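Colleague: Below is a structure I'd like to ask you about.
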Amino acid sequence: MENGTGKKKGTELAVYVEAILFASAKPVAFPQLKKQLEVSDETLVAAVTDIRRRFNTERSGIHLLEQDEKIQLVTNPALGEVVGAFLKKEASGPLTRPALETLAVIAYRGPVTKPEIEQVRGVNCSLILRHLMVRGLVEEREDPARLQRVYTVSPDSLREFGVRRVDELPEFAAYHQDKAVTELMARTLSSEEAI
């Protein structure tokens, strides 16, 4: 990522920042970006300024939101009505197979972190988690012991499943303690501790 002078090229850095923001389902803090990309404050600010200049226009569907030293890619506020109508229609349709798989991992292994879900499923789950939360099927909360967010099924999910508690789900005990899944999730913990 470094060029011959030991600094990242401005345009190249902006592309890295865009990719990270796109992949993240939540705002990303400047210190986190600075550490991850190994750049100075000035270099990061220049990249963010470049992104803001290119995206925050009337003709762009994506804007850069900045608040409290955090940034995030969001939809153009002027398009809220169109996006809201789409999301409302999307939220009322049937769940996709990836969404059902993610919901099953959360139901049978929750409370579970996003990295644990992704370790089990083998793919990034940011958009799926957001979709499940918009539909009210999944709840997110901070877990002080794990120092990150964890996901559980919501009461609405339990009603949809026709149960009063998650342990009433079919074969809950077997899946909740499945050895292969436990080993996959343990790999996530090991990789997080190594960072």
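Note on naming: chains are A, B, ... as they come in the structure tokens, residues start from 1 per chain, ligands start from 1 in the order shown.
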If we count only C-alpha atoms, what is near Asp156 of chain A at a cut-off of 9 Å, once residues fewer than 3 positions away on the same chain are taken out, given as a list in words?
Modeller: Gly136, Leu137, Val138, Val153, Arg159, Glu160 and Phe161 of chain A
Colleague: Just the residues within 8 Å of Thr102 of chain A, please, counting only C-alpha atoms, with nothing from its chain fewer than 3 positions along; format it as a list in words.
Modeller: Pro98, Ala99, Val105, Ile106, Ile117, Arg121, Cys125, Ile128 and Leu129 of chain A
Colleague: Would you return as a PyMOL selection string the members of chain A that DSSP assigns to strand (DSSP E or B) on this structure's backbone?
Modeller: chain A and resi 2+8+28-29+62-67+70-75+112-113+138-143+148-153
Colleague: Using the selection just defined, write its residues with N, CA and C atoms as a compact mmCIF listing (two decimals), in the first residue's frame.
Modeller:
# COMPACT_ATOMS: atom_id res chain seq x y z
N GLU A 2 2.10 1.11 0.38
CA GLU A 2 2.97 2.28 0.45
C GLU A 2 3.61 2.53 -0.91
N LYS A 8 1.11 6.52 1.54
CA LYS A 8 0.09 6.00 0.63
C LYS A 8 -0.30 7.10 -0.36
N VAL A 28 -17.37 3.95 11.08
CA VAL A 28 -16.01 3.55 11.38
C VAL A 28 -15.26 4.76 11.95
N ALA A 29 -14.58 4.58 13.06
CA ALA A 29 -13.87 5.67 13.73
C ALA A 29 -12.56 5.99 13.01
N ILE A 62 -25.02 7.90 -3.15
CA ILE A 62 -24.29 7.59 -1.92
C ILE A 62 -23.66 8.87 -1.38
N HIS A 63 -23.74 9.07 -0.09
CA HIS A 63 -23.10 10.21 0.57
C HIS A 63 -22.22 9.71 1.71
N LEU A 64 -21.28 10.56 2.09
CA LEU A 64 -20.42 10.27 3.22
C LEU A 64 -20.97 11.01 4.43
N LEU A 65 -21.33 10.26 5.46
CA LEU A 65 -21.85 10.83 6.71
C LEU A 65 -20.69 10.90 7.69
N GLU A 66 -20.53 12.05 8.34
CA GLU A 66 -19.45 12.25 9.31
C GLU A 66 -20.04 12.78 10.61
N GLN A 67 -19.70 12.09 11.71
CA GLN A 67 -20.18 12.53 13.03
C GLN A 67 -19.29 11.94 14.11
N LYS A 70 -16.34 9.75 13.37
CA LYS A 70 -16.69 8.51 12.69
C LYS A 70 -17.27 8.85 11.33
N ILE A 71 -17.08 7.94 10.37
CA ILE A 71 -17.63 8.15 9.04
C ILE A 71 -18.34 6.88 8.57
N GLN A 72 -19.29 7.08 7.64
CA GLN A 72 -20.07 5.96 7.13
C GLN A 72 -20.64 6.33 5.77
N LEU A 73 -20.73 5.36 4.88
CA LEU A 73 -21.42 5.58 3.61
C LEU A 73 -22.90 5.36 3.84
N VAL A 74 -23.71 6.32 3.38
CA VAL A 74 -25.16 6.26 3.55
C VAL A 74 -25.82 6.66 2.23
N THR A 75 -27.11 6.45 2.13
CA THR A 75 -27.81 6.89 0.94
C THR A 75 -28.01 8.41 0.98
N VAL A 112 -24.54 -14.29 19.72
CA VAL A 112 -23.39 -14.60 18.88
C VAL A 112 -22.89 -13.31 18.24
N THR A 113 -21.57 -13.21 18.05
CA THR A 113 -20.98 -12.01 17.44
C THR A 113 -21.02 -12.13 15.92
N VAL A 138 -34.05 -9.73 14.46
CA VAL A 138 -32.81 -9.87 15.22
C VAL A 138 -32.58 -8.62 16.05
N GLU A 139 -32.07 -8.82 17.25
CA GLU A 139 -31.72 -7.69 18.11
C GLU A 139 -30.21 -7.67 18.32
N GLU A 140 -29.68 -6.45 18.48
CA GLU A 140 -28.24 -6.25 18.65
C GLU A 140 -28.01 -5.54 19.97
N ARG A 141 -27.00 -5.96 20.71
CA ARG A 141 -26.65 -5.27 21.95
C ARG A 141 -25.15 -5.41 22.20
N GLU A 142 -24.62 -4.50 22.99
CA GLU A 142 -23.20 -4.56 23.36
C GLU A 142 -23.02 -5.64 24.41
N ASP A 143 -21.94 -6.40 24.28
CA ASP A 143 -21.60 -7.41 25.27
C ASP A 143 -20.29 -6.97 25.94
N GLN A 148 -17.77 -6.35 22.19
CA GLN A 148 -18.35 -6.13 20.87
C GLN A 148 -19.83 -6.45 20.91
N ARG A 149 -20.49 -6.19 19.79
CA ARG A 149 -21.93 -6.43 19.72
C ARG A 149 -22.22 -7.92 19.55
N VAL A 150 -23.35 -8.32 20.13
CA VAL A 150 -23.82 -9.68 19.93
C VAL A 150 -25.26 -9.62 19.42
N TYR A 151 -25.66 -10.70 18.76
CA TYR A 151 -26.98 -10.76 18.13
C TYR A 151 -27.79 -11.91 18.72
N THR A 152 -29.07 -11.63 18.93
CA THR A 152 -30.02 -12.64 19.39
C THR A 152 -31.29 -12.49 18.56
N VAL A 153 -32.11 -13.53 18.55
CA VAL A 153 -33.40 -13.40 17.87
C VAL A 153 -34.32 -12.55 18.72
Colleague: Please, what distance in Å, to one decimal, runs between atom CA of Lys34 of chain A and atom CA of Phe55 of chain A?
Modeller: 20.9 Å
Colleague: Might you pull out every residue within 8 Å of Leu184 of chain A, with only C-alpha atoms counted and same-chain residues fewer than 6 positions away left off, and present them as a list in words?
Modeller: Glu116, Gln119 and Val120 of chain A
Colleague: With distances taken over only C-alpha atoms, which of A:Leu13, A:Leu95, A:Leu132, A:Ile20 is nearest to Ser40 of chain A?
Modeller: A:Leu13
Colleague: Give me, please, the distance in Å between atom CA of Ser126 of chain A and atom CA of Ser24 of chain A, quoted to one decimal.
Modeller: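 Interatomic distance here is 6.7 Å.
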Colleague: From the options A:Arg130, A:Arg97, A:Lys88, A:Arg109, which residue's atoms come nearest to Leu169 of chain A, counting only C-alpha atoms?
Modeller: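 Using only C-alpha atoms, Leu169 of chain A sits closest to A:Arg109.
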Colleague: Atom CA of Lys35 of chain A and atom CA of Glu118 of chain A are how many Å apart?
Modeller: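 Here the two named atoms are 23.1 Å from each other.
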Colleague: Go through A:Leu158, A:Val39, A:Pro94, A:Lys114 one by one, measure the shortest atom-to-atom distance of each to Leu127 of chain A using only C-alpha atoms, and give the residue with the smallest value.
Modeller: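 Nearest candidate to Leu127 of chain A out of A:Leu158, A:Val39, A:Pro94, A:Lys114: A:Lys114.
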Colleague: Determine which residues of segment 37-193 of chain A DSSP labels as alpha helix (DSSP H) from the backbone of this structure, then write them out as a PyMOL selection string.
Modeller: chain A and resi 37+41-55+80-92+97-109+114-121+126-134+155-161+172-176+179-193
Colleague: Just the residues within 9 Å of Asp167 of chain A, please, counting only C-alpha atoms, with nothing from its chain fewer than 5 positions along; format it as a count of residues only.
Modeller: 4
Colleague: Would you mind telling me which residue in A:Ala19, A:Val181, A:Val45, A:Ile51 lies nearest to Gly122 of chain A when using only C-alpha atoms?
Modeller: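 That would be A:Val181, the residue with the smallest distance to Gly122 of chain A.
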